Amino acid sequence: MKRNKTLVTEFVLLFIVFLVIYLTTMLGNLGLMALIWKDAHLHTPMYFFLGGLAFADACTSTSVTPRMLVNFLDKTAMISLADVTTECFLLVAMAYDRYVSICNPLLYPVVMSNRLCTHLKSISYAIGFLHPLIHVSLLLRLTFCGSKIIHYFYCEILQLFKISCNDPPIKALMITIFAAFIQISTLMTMIISYTCVLFDVLKKKSEKGRSKAFSMCSAHLLSVSLYYGTLIFRYVCPASGLAEDQDKMYSLFYTIIIPLLNPFIYSLRNKEVIVALRRISKK
């Protein structure tokens, strides 16, 4: 009886914690989107992509957290499909924006035109939409003859392959390779962009210019480090024993915690956002 009460208390506490996280995530991301839309001074390529990232984070959190909250109270325990591919490509677009801004400031208005920014953002969303559709098409071909329970908090396709009767190792390997290709290619693109930025800053910029350049890039670098650092730790761990619990924690971090942190990373130390917030609050 005492054990049951303890379990109920733990579930209630978890429910409250994740509810607060979700509400804060939505408030931060939707608030940032509204601020960017409302303040004309933030109508620049950098904030255009940042607004897109905030929307992607809100969608990622919404695809996972509400269903998880319901599962704390409901024994049916259905789970949602989650995908974070859009964020990878938006982070690349933001890295390219920083590269052009710092390395080619005179060409920046021409290169980062409204048309190019719209195309980059649209492509990011399109790939983020198509990627889970590929997963769904593969899921429809699976058959399940045993337990339909997976020990995960969202519908991770590789977990479904483990309980499938088909035992399709080639398909699972293809999905892993495709996901790794997206993550590695986007990460390498950002590394190349920031390597060029670093050499340019060290060569040409004054001390004040260097400080400004590093300030411009710091929030994005922190966001990239958190996101890709989590993915790297996830995939270098062995897939058994304690590592399965670690895998869940890493997945929890980049589907729930990172969307919570991003709006604060990009706004708390950002003078333009703080000034814009003051302007809006005075109206």
# chains A, B, ... in the order shown; residues from 1 in each chain; ligands from 1
>>> residues_around(residues="range 117-124 of chain A", least_positions_apart="4", cutoff="12 Å", atoms="only C-alpha atoms", output="JSON, numbers by chain")
{"A": [43, 44, 45, 46, 47, 48, 49, 50, 51, 52, 53, 55, 56, 84, 85, 86, 87, 88, 89, 90, 91, 92, 93, 94, 95, 96, 97, 108, 109, 110, 111, 112, 113, 128, 129, 130, 131, 182, 186]}
>>> write_last_selection(atoms="N, CA and C atoms", output="JSON list (two decimals), in the first residue's frame")
[["chain", "number", "residue", "atom", "x", "y", "z"],
["A", 43, "HIS", "N", 13.08, 42.38, -38.05],
["A", 43, "HIS", "CA", 12.76, 41.79, -39.35],
["A", 43, "HIS", "C", 14.03, 41.67, -40.19],
["A", 44, "THR", "N", 14.95, 40.83, -39.72],
["A", 44, "THR", "CA", 16.22, 40.57, -40.39],
["A", 44, "THR", "C", 16.35, 39.07, -40.61],
["A", 45, "PRO", "N", 17.26, 38.63, -41.49],
["A", 45, "PRO", "CA", 17.41, 37.19, -41.74],
["A", 45, "PRO", "C", 17.67, 36.36, -40.48],
["A", 46, "MET", "N", 18.52, 36.87, -39.58],
["A", 46, "MET", "CA", 18.84, 36.12, -38.37],
["A", 46, "MET", "C", 17.59, 35.83, -37.56],
["A", 47, "TYR", "N", 16.75, 36.84, -37.37],
["A", 47, "TYR", "CA", 15.53, 36.65, -36.57],
["A", 47, "TYR", "C", 14.44, 35.94, -37.36],
["A", 48, "PHE", "N", 14.50, 36.01, -38.67],
["A", 48, "PHE", "CA", 13.59, 35.24, -39.52],
["A", 48, "PHE", "C", 13.81, 33.74, -39.28],
["A", 49, "PHE", "N", 15.08, 33.32, -39.26],
["A", 49, "PHE", "CA", 15.41, 31.92, -38.98],
["A", 49, "PHE", "C", 15.14, 31.56, -37.52],
["A", 50, "LEU", "N", 15.41, 32.51, -36.64],
["A", 50, "LEU", "CA", 15.17, 32.26, -35.22],
["A", 50, "LEU", "C", 13.69, 32.04, -34.94],
["A", 51, "GLY", "N", 12.84, 32.81, -35.61],
["A", 51, "GLY", "CA", 11.40, 32.60, -35.49],
["A", 51, "GLY", "C", 11.00, 31.22, -35.99],
["A", 52, "GLY", "N", 11.64, 30.80, -37.10],
["A", 52, "GLY", "CA", 11.39, 29.45, -37.62],
["A", 52, "GLY", "C", 11.83, 28.37, -36.66],
["A", 53, "LEU", "N", 12.97, 28.59, -36.01],
["A", 53, "LEU", "CA", 13.47, 27.63, -35.02],
["A", 53, "LEU", "C", 12.53, 27.56, -33.82],
["A", 55, "PHE", "N", 9.32, 28.13, -33.84],
["A", 55, "PHE", "CA", 8.13, 27.40, -34.26],
["A", 55, "PHE", "C", 8.40, 25.89, -34.30],
["A", 56, "ALA", "N", 9.57, 25.49, -34.82],
["A", 56, "ALA", "CA", 9.93, 24.07, -34.88],
["A", 56, "ALA", "C", 10.04, 23.48, -33.48],
["A", 84, "VAL", "N", 12.98, 15.71, -35.32],
["A", 84, "VAL", "CA", 13.67, 16.98, -35.08],
["A", 84, "VAL", "C", 14.58, 17.38, -36.25],
["A", 85, "THR", "N", 14.27, 16.82, -37.43],
["A", 85, "THR", "CA", 15.10, 17.09, -38.60],
["A", 85, "THR", "C", 15.08, 18.57, -39.00],
["A", 86, "THR", "N", 13.92, 19.20, -38.89],
["A", 86, "THR", "CA", 13.80, 20.62, -39.27],
["A", 86, "THR", "C", 14.81, 21.47, -38.53],
["A", 87, "GLU", "N", 15.00, 21.18, -37.24],
["A", 87, "GLU", "CA", 15.91, 21.98, -36.44],
["A", 87, "GLU", "C", 17.34, 21.90, -36.97],
["A", 88, "CYS", "N", 17.76, 20.73, -37.44],
["A", 88, "CYS", "CA", 19.11, 20.56, -38.00],
["A", 88, "CYS", "C", 19.35, 21.56, -39.14],
["A", 89, "PHE", "N", 18.39, 21.63, -40.06],
["A", 89, "PHE", "CA", 18.57, 22.47, -41.24],
["A", 89, "PHE", "C", 18.40, 23.96, -40.93],
["A", 90, "LEU", "N", 17.56, 24.28, -39.96],
["A", 90, "LEU", "CA", 17.44, 25.68, -39.55],
["A", 90, "LEU", "C", 18.72, 26.15, -38.86],
["A", 91, "LEU", "N", 19.35, 25.28, -38.10],
["A", 91, "LEU", "CA", 20.63, 25.63, -37.47],
["A", 91, "LEU", "C", 21.71, 25.87, -38.53],
["A", 92, "VAL", "N", 21.67, 25.08, -39.61],
["A", 92, "VAL", "CA", 22.60, 25.29, -40.72],
["A", 92, "VAL", "C", 22.35, 26.64, -41.38],
["A", 93, "ALA", "N", 21.08, 26.97, -41.62],
["A", 93, "ALA", "CA", 20.74, 28.25, -42.24],
["A", 93, "ALA", "C", 21.21, 29.42, -41.37],
["A", 94, "MET", "N", 21.07, 29.26, -40.06],
["A", 94, "MET", "CA", 21.51, 30.31, -39.14],
["A", 94, "MET", "C", 23.03, 30.44, -39.14],
["A", 95, "ALA", "N", 23.73, 29.30, -39.26],
["A", 95, "ALA", "CA", 25.19, 29.33, -39.33],
["A", 95, "ALA", "C", 25.65, 30.02, -40.61],
["A", 96, "TYR", "N", 24.97, 29.76, -41.73],
["A", 96, "TYR", "CA", 25.31, 30.41, -42.99],
["A", 96, "TYR", "C", 25.05, 31.92, -42.91],
["A", 97, "ASP", "N", 23.97, 32.28, -42.24],
["A", 97, "ASP", "CA", 23.66, 33.70, -42.04],
["A", 97, "ASP", "C", 24.78, 34.39, -41.26],
["A", 108, "TYR", "N", 26.11, 41.23, -47.55],
["A", 108, "TYR", "CA", 25.08, 40.57, -46.73],
["A", 108, "TYR", "C", 23.65, 40.88, -47.19],
["A", 109, "PRO", "N", 23.29, 42.16, -47.43],
["A", 109, "PRO", "CA", 21.90, 42.43, -47.86],
["A", 109, "PRO", "C", 21.55, 41.79, -49.19],
["A", 110, "VAL", "N", 22.56, 41.62, -50.06],
["A", 110, "VAL", "CA", 22.31, 41.04, -51.38],
["A", 110, "VAL", "C", 22.21, 39.52, -51.28],
["A", 111, "VAL", "N", 23.18, 38.93, -50.57],
["A", 111, "VAL", "CA", 23.22, 37.46, -50.47],
["A", 111, "VAL", "C", 22.03, 36.94, -49.67],
["A", 112, "MET", "N", 21.81, 37.50, -48.50],
["A", 112, "MET", "CA", 20.72, 37.03, -47.64],
["A", 112, "MET", "C", 19.43, 37.78, -47.98],
["A", 113, "SER", "N", 19.00, 37.62, -49.21],
["A", 113, "SER", "CA", 17.77, 38.27, -49.67],
["A", 113, "SER", "C", 16.55, 37.58, -49.07],
["A", 128, "GLY", "N", 11.88, 18.41, -42.95],
["A", 128, "GLY", "CA", 11.36, 17.99, -41.64],
["A", 128, "GLY", "C", 10.01, 17.32, -41.73],
["A", 129, "PHE", "N", 9.21, 17.67, -42.75],
["A", 129, "PHE", "CA", 7.90, 17.04, -42.96],
["A", 129, "PHE", "C", 8.03, 15.69, -43.67],
["A", 130, "LEU", "N", 8.93, 15.62, -44.66],
["A", 130, "LEU", "CA", 9.08, 14.40, -45.46],
["A", 130, "LEU", "C", 9.78, 13.28, -44.69],
["A", 131, "HIS", "N", 10.73, 13.67, -43.84],
["A", 131, "HIS", "CA", 11.50, 12.66, -43.10],
["A", 131, "HIS", "C", 10.61, 11.74, -42.26],
["A", 182, "ILE", "N", 22.17, 12.91, -42.34],
["A", 182, "ILE", "CA", 21.59, 14.24, -42.11],
["A", 182, "ILE", "C", 22.33, 14.96, -40.99],
["A", 186, "THR", "N", 24.94, 18.12, -41.76],
["A", 186, "THR", "CA", 24.57, 19.43, -41.25],
["A", 186, "THR", "C", 25.61, 19.93, -40.24]]
>>> select_by_dssp(residues="range 17-234 of chain A", states="alpha helix (DSSP H)", output="MDAnalysis selection string")
chainID A and resid 17:38 45:73 85:103 108:111 114:139 157:162 169:204 207:234
>>> residues_around(residues="range 275-277 of chain A", least_positions_apart="6", cutoff="8 Å", atoms="only C-alpha atoms", output="count of residues only")
4
>>> atom_distance(atom1="CA of Val12 in chain A", atom2="CA of Leu69 in chain A")
10.0 Å
>>> atom_distance(atom1="CA of Arg278 in chain A", atom2="CA of Leu32 in chain A")
13.2 Å
>>> residues_around(residues="Cys217 in chain A", least_positions_apart="4", cutoff="8 Å", atoms="only C-alpha atoms", output="list in words")
Arg98, Ala213 and Leu221 of chain A
>>> residues_around(residues="range 258-264 of chain A", least_positions_apart="2", cutoff="6 Å", atoms="only C-alpha atoms", output="list in words")
Thr25, Gly28, Asn29, Asp57, Tyr254, Ile256, Tyr266, Ser267 and Leu268 of chain A
>>> write_last_selection(atoms="C-alpha atoms", output="CSV table (one decimal), in the first residue's frame")
chain,number,residue,atom,x,y,z
A,25,THR,CA,8.5,26.0,-23.5
A,28,GLY,CA,9.1,31.1,-24.5
A,29,ASN,CA,8.9,30.0,-28.1
A,57,ASP,CA,10.8,23.8,-31.2
A,254,TYR,CA,16.7,17.0,-27.3
A,256,ILE,CA,11.8,18.4,-24.5
A,266,TYR,CA,18.7,33.4,-27.9
A,267,SER,CA,17.1,36.2,-25.9
A,268,LEU,CA,18.4,36.6,-22.3
>>> closest_residue(among="A:Leu13, A:Ile257, A:Cys165, A:Leu140", to="Leu226 in chain A", atoms="only C-alpha atoms")
A:Ile257
